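S.K.: The following file, target_28.tsv, comprises TSV, C-alpha atoms:
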```tsv
chain	number	residue	atom	x	y	z
A	20	MET	CA	-191.72	-198.64	-115.21
A	21	LEU	CA	-191.25	-198.81	-111.47
A	22	TYR	CA	-192.06	-202.19	-110.03
A	23	SER	CA	-193.75	-200.88	-106.91
A	24	ASP	CA	-196.06	-198.30	-108.47
A	25	PRO	CA	-199.16	-200.36	-109.27
A	26	PHE	CA	-198.96	-201.98	-105.85
A	27	GLU	CA	-198.88	-198.70	-104.01
A	28	THR	CA	-202.10	-197.96	-105.83
A	29	LEU	CA	-203.49	-201.19	-104.47
A	30	LEU	CA	-202.49	-200.36	-100.90
A	31	GLN	CA	-204.13	-196.95	-101.17
A	32	LEU	CA	-207.21	-198.59	-102.59
A	33	GLN	CA	-207.24	-201.14	-99.76
A	34	GLN	CA	-207.00	-198.37	-97.19
A	35	ALA	CA	-209.71	-196.34	-98.90
A	36	LEU	CA	-212.02	-199.35	-98.90
A	37	ASP	CA	-211.31	-199.99	-95.21
A	38	SER	CA	-212.33	-196.50	-94.22
A	39	PHE	CA	-215.74	-196.91	-95.85
A	40	ARG	CA	-216.49	-200.22	-94.14
A	41	SER	CA	-220.16	-200.11	-93.26
A	42	SER	CA	-220.43	-196.41	-93.91
A	43	SER	CA	-223.85	-194.91	-93.37
A	44	TRP	CA	-224.27	-194.02	-97.03
A	45	LEU	CA	-226.95	-196.64	-97.59
A	46	GLY	CA	-228.56	-195.90	-94.24
A	47	THR	CA	-230.40	-198.90	-92.85
A	48	SER	CA	-232.00	-199.65	-96.18
A	49	THR	CA	-229.79	-202.52	-97.31
A	50	SER	CA	-231.62	-205.73	-96.76
A	51	GLY	CA	-229.47	-208.66	-95.90
A	52	ALA	CA	-226.39	-206.60	-95.13
A	53	GLY	CA	-223.73	-209.17	-94.52
A	54	GLY	CA	-225.48	-211.43	-97.02
A	55	PHE	CA	-224.09	-212.88	-100.20
A	56	PRO	CA	-222.72	-211.42	-102.35
A	57	PRO	CA	-220.81	-208.83	-100.32
A	58	LEU	CA	-221.09	-205.47	-102.07
A	59	ASN	CA	-218.82	-202.51	-102.51
A	60	VAL	CA	-220.49	-199.31	-103.68
A	61	PHE	CA	-218.57	-196.57	-105.45
A	62	SER	CA	-219.30	-193.24	-107.04
A	63	LYS	CA	-217.97	-192.46	-110.46
A	64	GLY	CA	-218.61	-188.83	-111.17
A	65	ASP	CA	-222.36	-188.47	-110.64
A	66	ASP	CA	-223.02	-192.16	-111.18
A	67	ILE	CA	-223.02	-195.15	-108.85
A	68	VAL	CA	-221.15	-198.42	-109.39
A	69	VAL	CA	-221.98	-201.53	-107.35
A	70	VAL	CA	-219.32	-204.24	-107.36
A	71	ALA	CA	-219.63	-207.78	-106.01
A	72	GLU	CA	-217.26	-210.74	-105.94
A	73	ALA	CA	-219.16	-213.82	-107.01
A	74	PRO	CA	-216.76	-216.29	-108.63
A	75	GLY	CA	-217.93	-219.32	-110.53
A	76	LEU	CA	-221.42	-218.18	-111.49
A	77	LYS	CA	-222.93	-218.58	-114.89
A	78	LYS	CA	-224.63	-215.55	-116.39
A	79	ASP	CA	-227.96	-217.33	-116.43
A	80	GLN	CA	-227.62	-218.06	-112.70
A	81	LEU	CA	-227.66	-214.34	-111.95
A	82	ASP	CA	-230.79	-212.26	-111.82
A	83	ILE	CA	-230.61	-208.51	-111.43
A	84	GLN	CA	-233.78	-206.51	-111.10
A	85	VAL	CA	-234.37	-202.82	-110.64
A	86	LYS	CA	-237.50	-201.14	-109.41
A	87	GLY	CA	-237.37	-197.48	-108.58
A	88	ARG	CA	-234.36	-197.02	-106.36
A	89	THR	CA	-234.18	-200.66	-105.36
A	90	ILE	CA	-231.83	-203.16	-106.92
A	91	GLN	CA	-232.15	-206.84	-106.30
A	92	ILE	CA	-229.38	-209.32	-106.97
A	93	ALA	CA	-230.38	-212.97	-106.77
A	94	GLY	CA	-229.09	-216.29	-107.94
A	95	ALA	CA	-227.57	-219.59	-106.97
A	96	LYS	CA	-224.05	-220.86	-106.83
A	97	THR	CA	-223.28	-224.50	-107.45
A	98	VAL	CA	-220.07	-226.49	-107.45
A	99	THR	CA	-219.67	-229.80	-109.23
A	100	TYR	CA	-216.93	-232.31	-108.56
A	101	GLY	CA	-217.88	-235.19	-110.84
A	102	ASP	CA	-218.50	-238.80	-109.94
A	103	GLY	CA	-216.18	-241.05	-108.05
A	104	VAL	CA	-213.92	-238.37	-106.67
A	105	SER	CA	-212.57	-238.26	-103.17
A	106	LEU	CA	-212.77	-234.88	-101.55
A	107	HIS	CA	-209.74	-233.75	-99.55
A	108	ARG	CA	-210.66	-230.21	-98.75
A	109	ARG	CA	-213.80	-228.21	-99.22
A	110	GLU	CA	-213.82	-224.49	-98.64
A	111	ARG	CA	-215.92	-223.08	-101.47
A	112	THR	CA	-219.49	-222.41	-100.45
A	113	ILE	CA	-222.65	-223.06	-102.41
A	114	GLY	CA	-226.31	-222.09	-102.12
A	115	ARG	CA	-228.97	-219.60	-103.09
A	116	PHE	CA	-228.69	-215.88	-102.53
A	117	SER	CA	-230.83	-212.82	-102.79
A	118	ARG	CA	-230.26	-209.36	-101.52
A	119	SER	CA	-231.48	-205.92	-102.34
A	120	LEU	CA	-230.25	-202.45	-101.78
A	121	ASN	CA	-232.03	-199.17	-101.70
A	122	LEU	CA	-230.04	-196.36	-103.19
A	123	PRO	CA	-230.30	-192.91	-101.65
A	124	VAL	CA	-230.23	-191.35	-105.14
A	125	GLU	CA	-232.50	-191.50	-108.20
A	126	ILE	CA	-231.17	-193.63	-111.02
A	127	ASP	CA	-231.97	-193.82	-114.69
A	128	ALA	CA	-233.32	-197.37	-114.98
A	129	ASP	CA	-233.06	-197.43	-118.77
A	130	LYS	CA	-229.33	-196.85	-118.78
A	131	ILE	CA	-228.25	-199.44	-116.20
A	132	LYS	CA	-225.52	-201.78	-117.38
A	133	ALA	CA	-224.21	-204.92	-115.73
A	134	GLU	CA	-220.98	-206.72	-116.45
A	135	TYR	CA	-219.65	-210.04	-115.15
A	136	ARG	CA	-215.96	-210.58	-115.75
A	137	ASP	CA	-213.40	-212.81	-114.03
A	138	GLY	CA	-215.97	-213.62	-111.35
A	139	VAL	CA	-216.68	-210.00	-110.47
A	140	LEU	CA	-220.08	-208.45	-111.05
A	141	ALA	CA	-220.23	-204.72	-111.71
A	142	ILE	CA	-223.50	-202.84	-112.05
A	143	PHE	CA	-223.31	-199.33	-113.49
A	144	LEU	CA	-226.14	-197.13	-112.31
A	145	PRO	CA	-226.32	-193.76	-114.03
A	146	ARG	CA	-227.82	-191.08	-111.85
A	147	ALA	CA	-231.10	-189.67	-113.13
A	148	GLU	CA	-230.73	-186.34	-114.89
A	149	GLN	CA	-233.20	-184.62	-112.56
A	150	ASP	CA	-231.30	-185.85	-109.51
A	151	LYS	CA	-227.91	-184.48	-110.50
A	152	PRO	CA	-226.62	-181.63	-108.43
A	153	ARG	CA	-226.87	-178.29	-110.18
A	154	SER	CA	-224.76	-175.31	-109.49
A	155	ILE	CA	-226.68	-172.13	-109.00
A	156	LYS	CA	-225.33	-169.05	-110.60
A	157	ILE	CA	-225.56	-165.89	-108.56
A	158	ALA	CA	-227.22	-163.25	-110.66
B	2	MET	CA	-227.68	-228.70	-101.49
B	3	ALA	CA	-228.60	-225.79	-103.74
B	4	GLY	CA	-231.54	-225.14	-101.45
B	5	GLN	CA	-229.48	-223.65	-98.67
B	6	GLU	CA	-228.75	-219.97	-98.20
B	7	LEU	CA	-225.33	-218.96	-99.36
B	8	GLU	CA	-223.30	-217.51	-96.54
B	9	VAL	CA	-220.59	-214.93	-96.86
B	10	GLN	CA	-217.07	-216.11	-96.18
B	11	GLN	CA	-214.91	-213.45	-94.60
B	12	LYS	CA	-211.74	-213.03	-96.56
B	13	LYS	CA	-208.71	-214.33	-94.75
B	14	GLU	CA	-205.49	-212.42	-95.04
B	15	VAL	CA	-202.34	-214.35	-95.89
B	16	GLU	CA	-200.17	-215.01	-92.86
B	17	SER	CA	-197.12	-215.43	-94.90
B	18	GLN	CA	-194.73	-218.30	-94.77
B	19	GLN	CA	-192.76	-216.25	-97.22
B	20	GLU	CA	-193.23	-212.58	-96.78
B	21	LYS	CA	-194.21	-210.39	-99.65
B	22	THR	CA	-192.02	-207.46	-100.54
B	23	ILE	CA	-194.79	-205.36	-102.01
B	24	PRO	CA	-196.81	-203.03	-99.82
B	25	ALA	CA	-200.26	-204.53	-100.19
B	26	ARG	CA	-202.40	-207.15	-98.50
B	27	PHE	CA	-202.83	-210.62	-99.95
B	28	TYR	CA	-205.76	-212.92	-99.29
B	29	VAL	CA	-206.15	-216.69	-99.10
B	30	PRO	CA	-208.46	-217.98	-101.84
B	31	PRO	CA	-211.13	-220.50	-100.71
B	32	THR	CA	-210.00	-223.80	-102.19
B	33	ASP	CA	-211.42	-227.23	-102.90
B	34	ILE	CA	-209.05	-230.14	-103.34
B	35	PHE	CA	-210.23	-233.45	-104.69
B	36	GLU	CA	-208.79	-236.52	-106.27
B	37	THR	CA	-209.90	-238.41	-109.34
B	38	ALA	CA	-208.42	-241.65	-110.64
B	39	ASP	CA	-205.84	-239.80	-112.74
B	40	ALA	CA	-205.28	-236.49	-111.04
B	41	LEU	CA	-205.42	-234.28	-108.02
B	42	LYS	CA	-207.50	-231.18	-108.64
B	43	ILE	CA	-207.11	-227.89	-106.87
B	44	VAL	CA	-209.94	-225.43	-107.46
B	45	MET	CA	-209.61	-221.93	-106.03
B	46	GLU	CA	-211.72	-218.81	-106.14
B	47	VAL	CA	-209.77	-215.76	-107.27
B	48	PRO	CA	-212.36	-213.17	-108.34
B	49	GLY	CA	-210.99	-210.20	-110.25
B	50	VAL	CA	-207.83	-211.96	-111.41
B	51	PRO	CA	-207.33	-212.01	-115.19
B	52	LYS	CA	-205.60	-214.95	-116.90
B	53	GLU	CA	-202.34	-213.14	-117.50
B	54	ALA	CA	-201.96	-212.27	-113.81
B	55	VAL	CA	-201.81	-215.84	-112.50
B	56	ASP	CA	-198.44	-217.29	-111.52
B	57	VAL	CA	-198.09	-220.96	-110.73
B	58	LYS	CA	-194.66	-222.09	-109.56
B	59	ILE	CA	-193.17	-225.31	-108.26
B	60	GLU	CA	-190.08	-225.19	-106.14
B	61	ASN	CA	-188.85	-227.83	-103.70
B	62	GLU	CA	-192.07	-229.85	-103.88
B	63	VAL	CA	-194.08	-226.75	-103.05
B	64	LEU	CA	-196.70	-225.49	-105.46
B	65	SER	CA	-197.25	-221.74	-105.09
B	66	ILE	CA	-200.07	-219.89	-106.71
B	67	GLU	CA	-200.35	-216.15	-106.91
B	68	GLY	CA	-203.15	-214.22	-108.58
B	69	ARG	CA	-203.11	-210.48	-108.92
B	70	ILE	CA	-206.28	-208.48	-109.31
B	71	GLU	CA	-206.70	-205.78	-111.91
B	72	THR	CA	-206.58	-202.50	-110.00
B	73	THR	CA	-207.07	-200.30	-113.06
B	74	ASN	CA	-210.77	-201.22	-112.97
B	75	TYR	CA	-211.00	-199.06	-109.87
B	76	ASN	CA	-209.61	-195.94	-111.54
B	77	GLY	CA	-211.96	-193.02	-111.09
B	78	LEU	CA	-214.09	-194.83	-108.51
B	79	GLU	CA	-214.58	-193.33	-105.04
B	80	PRO	CA	-215.81	-195.68	-102.32
B	81	LEU	CA	-219.16	-194.84	-100.70
B	82	TYR	CA	-219.92	-198.02	-98.80
B	83	THR	CA	-217.83	-201.20	-98.60
B	84	GLU	CA	-218.39	-204.69	-97.25
B	85	TYR	CA	-215.34	-206.61	-98.40
B	86	PRO	CA	-211.64	-205.94	-98.80
B	87	ILE	CA	-209.86	-206.49	-102.07
B	88	GLY	CA	-206.34	-207.66	-102.73
B	89	HIS	CA	-204.17	-210.12	-104.56
B	90	PHE	CA	-204.43	-213.82	-103.77
B	91	ALA	CA	-201.67	-216.22	-102.73
B	92	ARG	CA	-201.53	-219.77	-101.47
B	93	SER	CA	-199.12	-222.66	-101.54
B	94	PHE	CA	-199.30	-226.42	-101.07
B	95	THR	CA	-196.77	-229.16	-100.53
B	96	LEU	CA	-197.11	-231.66	-103.34
B	97	PRO	CA	-197.48	-235.35	-102.59
B	98	TRP	CA	-194.97	-237.64	-104.37
B	99	GLN	CA	-197.72	-239.13	-106.52
B	100	VAL	CA	-197.99	-235.92	-108.54
B	101	ASP	CA	-196.11	-235.67	-111.81
B	102	GLN	CA	-194.61	-232.21	-111.51
B	103	GLN	CA	-194.03	-231.98	-115.26
B	104	ASN	CA	-197.67	-232.56	-115.99
B	105	ILE	CA	-199.75	-229.83	-114.36
B	106	THR	CA	-202.34	-227.80	-116.21
B	107	ALA	CA	-204.23	-224.66	-115.22
B	108	HIS	CA	-207.52	-223.23	-116.35
B	109	LEU	CA	-209.18	-219.98	-115.30
B	110	GLU	CA	-212.84	-219.23	-115.84
B	111	ASP	CA	-215.13	-216.70	-114.17
B	112	GLY	CA	-212.70	-216.15	-111.31
B	113	VAL	CA	-212.27	-219.86	-110.62
B	114	LEU	CA	-208.78	-221.31	-111.12
B	115	THR	CA	-208.59	-225.06	-111.66
B	116	LEU	CA	-205.23	-226.79	-111.44
B	117	THR	CA	-205.04	-230.37	-112.64
B	118	LEU	CA	-202.09	-232.19	-111.13
B	119	ASN	CA	-201.75	-235.41	-113.03
B	120	LYS	CA	-200.56	-238.43	-111.10
B	121	ARG	CA	-197.40	-240.32	-111.93
B	122	PRO	CA	-198.22	-243.48	-113.89
B	123	GLU	CA	-196.80	-245.65	-111.10
B	124	SER	CA	-199.17	-244.16	-108.55
B	125	LYS	CA	-202.35	-244.85	-110.52
B	126	PRO	CA	-204.47	-247.80	-109.45
B	127	ARG	CA	-203.65	-250.92	-111.44
B	128	ARG	CA	-205.47	-254.12	-111.90
B	129	ILE	CA	-203.28	-257.13	-111.28
B	130	ALA	CA	-204.01	-259.97	-113.62
B	131	ILE	CA	-204.13	-263.40	-112.07
B	132	GLN	CA	-201.95	-265.82	-113.93
```
As structure tokens, how would this structure be written, given the file I've shared?
M.R.:
Amino acid sequence: MLYSDPFETLLQLQQALDSFRSSSWLGTSTSGAGGFPPLNVFSKGDDIVVVAEAPGLKKDQLDIQVKGRTIQIAGAKTVTYGDGVSLHRRERTIGRFSRSLNLPVEIDADKIKAEYRDGVLAIFLPRAEQDKPRSIKIA
Amino acid sequence: MAGQELEVQQKKEVESQQEKTIPARFYVPPTDIFETADALKIVMEVPGVPKEAVDVKIENEVLSIEGRIETTNYNGLEPLYTEYPIGHFARSFTLPWQVDQQNITAHLEDGVLTLTLNKRPESKPRRIAIQ
């Protein structure tokens, strides 16, 4: 196995992500753009995948709701240090968050799946059957 | 404290003291450092890094931590709209003499890496008995 291969993949991925920075795909419909958690939205075939980095949350501190085409992600992040400690450096942030996004496509609300692993939240949004593009055969 | 709105921290790219030889960007993980009676604790946020991809090294009194994210999760995904960059994480710290370099433990949970750097016995606070 070549040592550099997986990392070249990462560089390509980094460049691909850069070129979609604040793309117009969501239009102006994302409330709290720039809010926590920052979101990356991907397509996977016909479906949509929303990914967010939110380290150190507990599953019960995360609330994901879907209504129509709108997804809301809310919760709170806390950090505990314990008693009697002396703090040398503090860079991790804490607080409440809530943001919603309006997808420009229809999704099948019954088949949505969410996964939280290694501090990364991924929400899988299958596109509604009636919204999928159809190819038209020429008779 | 939990009442405040959580603000987004822009990811900071590593300005390397030691340059990386691999062609990808690294980021500096937000880190808390605090001291208890027995240990110095370093807590850093490394979302997307699995346990087996964390390297902790000590060389010449410098503790270096590297965490690599799992890129295979992104196979088959095409970006549509992005707000944050992704990349591996790296950071290093010079260890104070009080730390027992043979006695460091690491724990990773939900993208949060906690390093416990136990203090040398001679650097712990002692009560002096009056004779």
S.K.: Could you please select, counting all atoms listed in the file, the residues of chain B within 6 Å of chain A and state them as a PyMOL selection string?
M.R.: chain B and resi 3+5-9+25+31-37+48-49+78-84+111-113
S.K.: Give me the residues near Ile90 (chain A) as a list in words, where near means some atom within 7 Å (using only C-alpha atoms) and where sequence neighbours in that chain fewer than 4 positions away do not count.
M.R.: Gln84, Val85, Lys86, Ser119, Leu120 and Asn121 of chain A
S.K.: Between B:Gln99, B:Thr72, B:Asn104, B:Asn61, single out the one closest to Ser124 (chain B), counting all atoms listed in the file.
M.R.: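 Among the listed residues, the smallest separation from Ser124 (chain B) belongs to B:Gln99.
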S.K.: Please list as a PyMOL selection string every residue within 10 Å of Glu125 (chain A), counting all atoms listed in the file and excluding residues in the same chain fewer than 2 positions away.
M.R.: chain A and resi 66+87-89+122-123+127-128+144-151
S.K.: Save the residues we just selected, C-alpha atoms, as a compact mmCIF listing (two decimals), in the frame of the given file?
M.R.:
```
# COMPACT_ATOMS: atom_id res chain seq x y z
CA ASP A 66 -223.02 -192.16 -111.18
CA GLY A 87 -237.37 -197.48 -108.58
CA ARG A 88 -234.36 -197.02 -106.36
CA THR A 89 -234.18 -200.66 -105.36
CA LEU A 122 -230.04 -196.36 -103.19
CA PRO A 123 -230.30 -192.91 -101.65
CA ASP A 127 -231.97 -193.82 -114.69
CA ALA A 128 -233.32 -197.37 -114.98
CA LEU A 144 -226.14 -197.13 -112.31
CA PRO A 145 -226.32 -193.76 -114.03
CA ARG A 146 -227.82 -191.08 -111.85
CA ALA A 147 -231.10 -189.67 -113.13
CA GLU A 148 -230.73 -186.34 -114.89
CA GLN A 149 -233.20 -184.62 -112.56
CA ASP A 150 -231.30 -185.85 -109.51
CA LYS A 151 -227.91 -184.48 -110.50
```
S.K.: Using only C-alpha atoms, can you list as an MDAnalysis selection string the residues within 8 Å of (-202.9, -211.1, -102.3)?
M.R.: chainID B and resid 14:15 25:29 67:69 88:91
S.K.: Find the distance between CA of Lys12 (chain B) and CA of Val50 (chain B) and write it in Å to one decimal.
M.R.: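 Going from CA of Lys12 (chain B) over to CA of Val50 (chain B) covers 15.4 Å.
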S.K.: Kindly give the distance, in Å, that separates CA of Pro122 (chain B) and CA of Phe94 (chain B), rounded to a single decimal.
M.R.: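 That distance, rounded to one decimal, is 21.4 Å.
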S.K.: Which is closer to Pro152 (chain A) than all the others in A:Asp79, A:Asp129, A:Glu134, A:Asp65, using all atoms listed in the file?
M.R.: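 Of A:Asp79, A:Asp129, A:Glu134, A:Asp65, the one nearest Pro152 (chain A), counting all atoms listed in the file, is A:Asp65.
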S.K.: Have a look at CA of Gln10 (chain B) and CA of Val44 (chain B) and let me know their distance in Å, one decimal.
M.R.: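 Interatomic distance, CA of Gln10 (chain B) to CA of Val44 (chain B): 16.3 Å.
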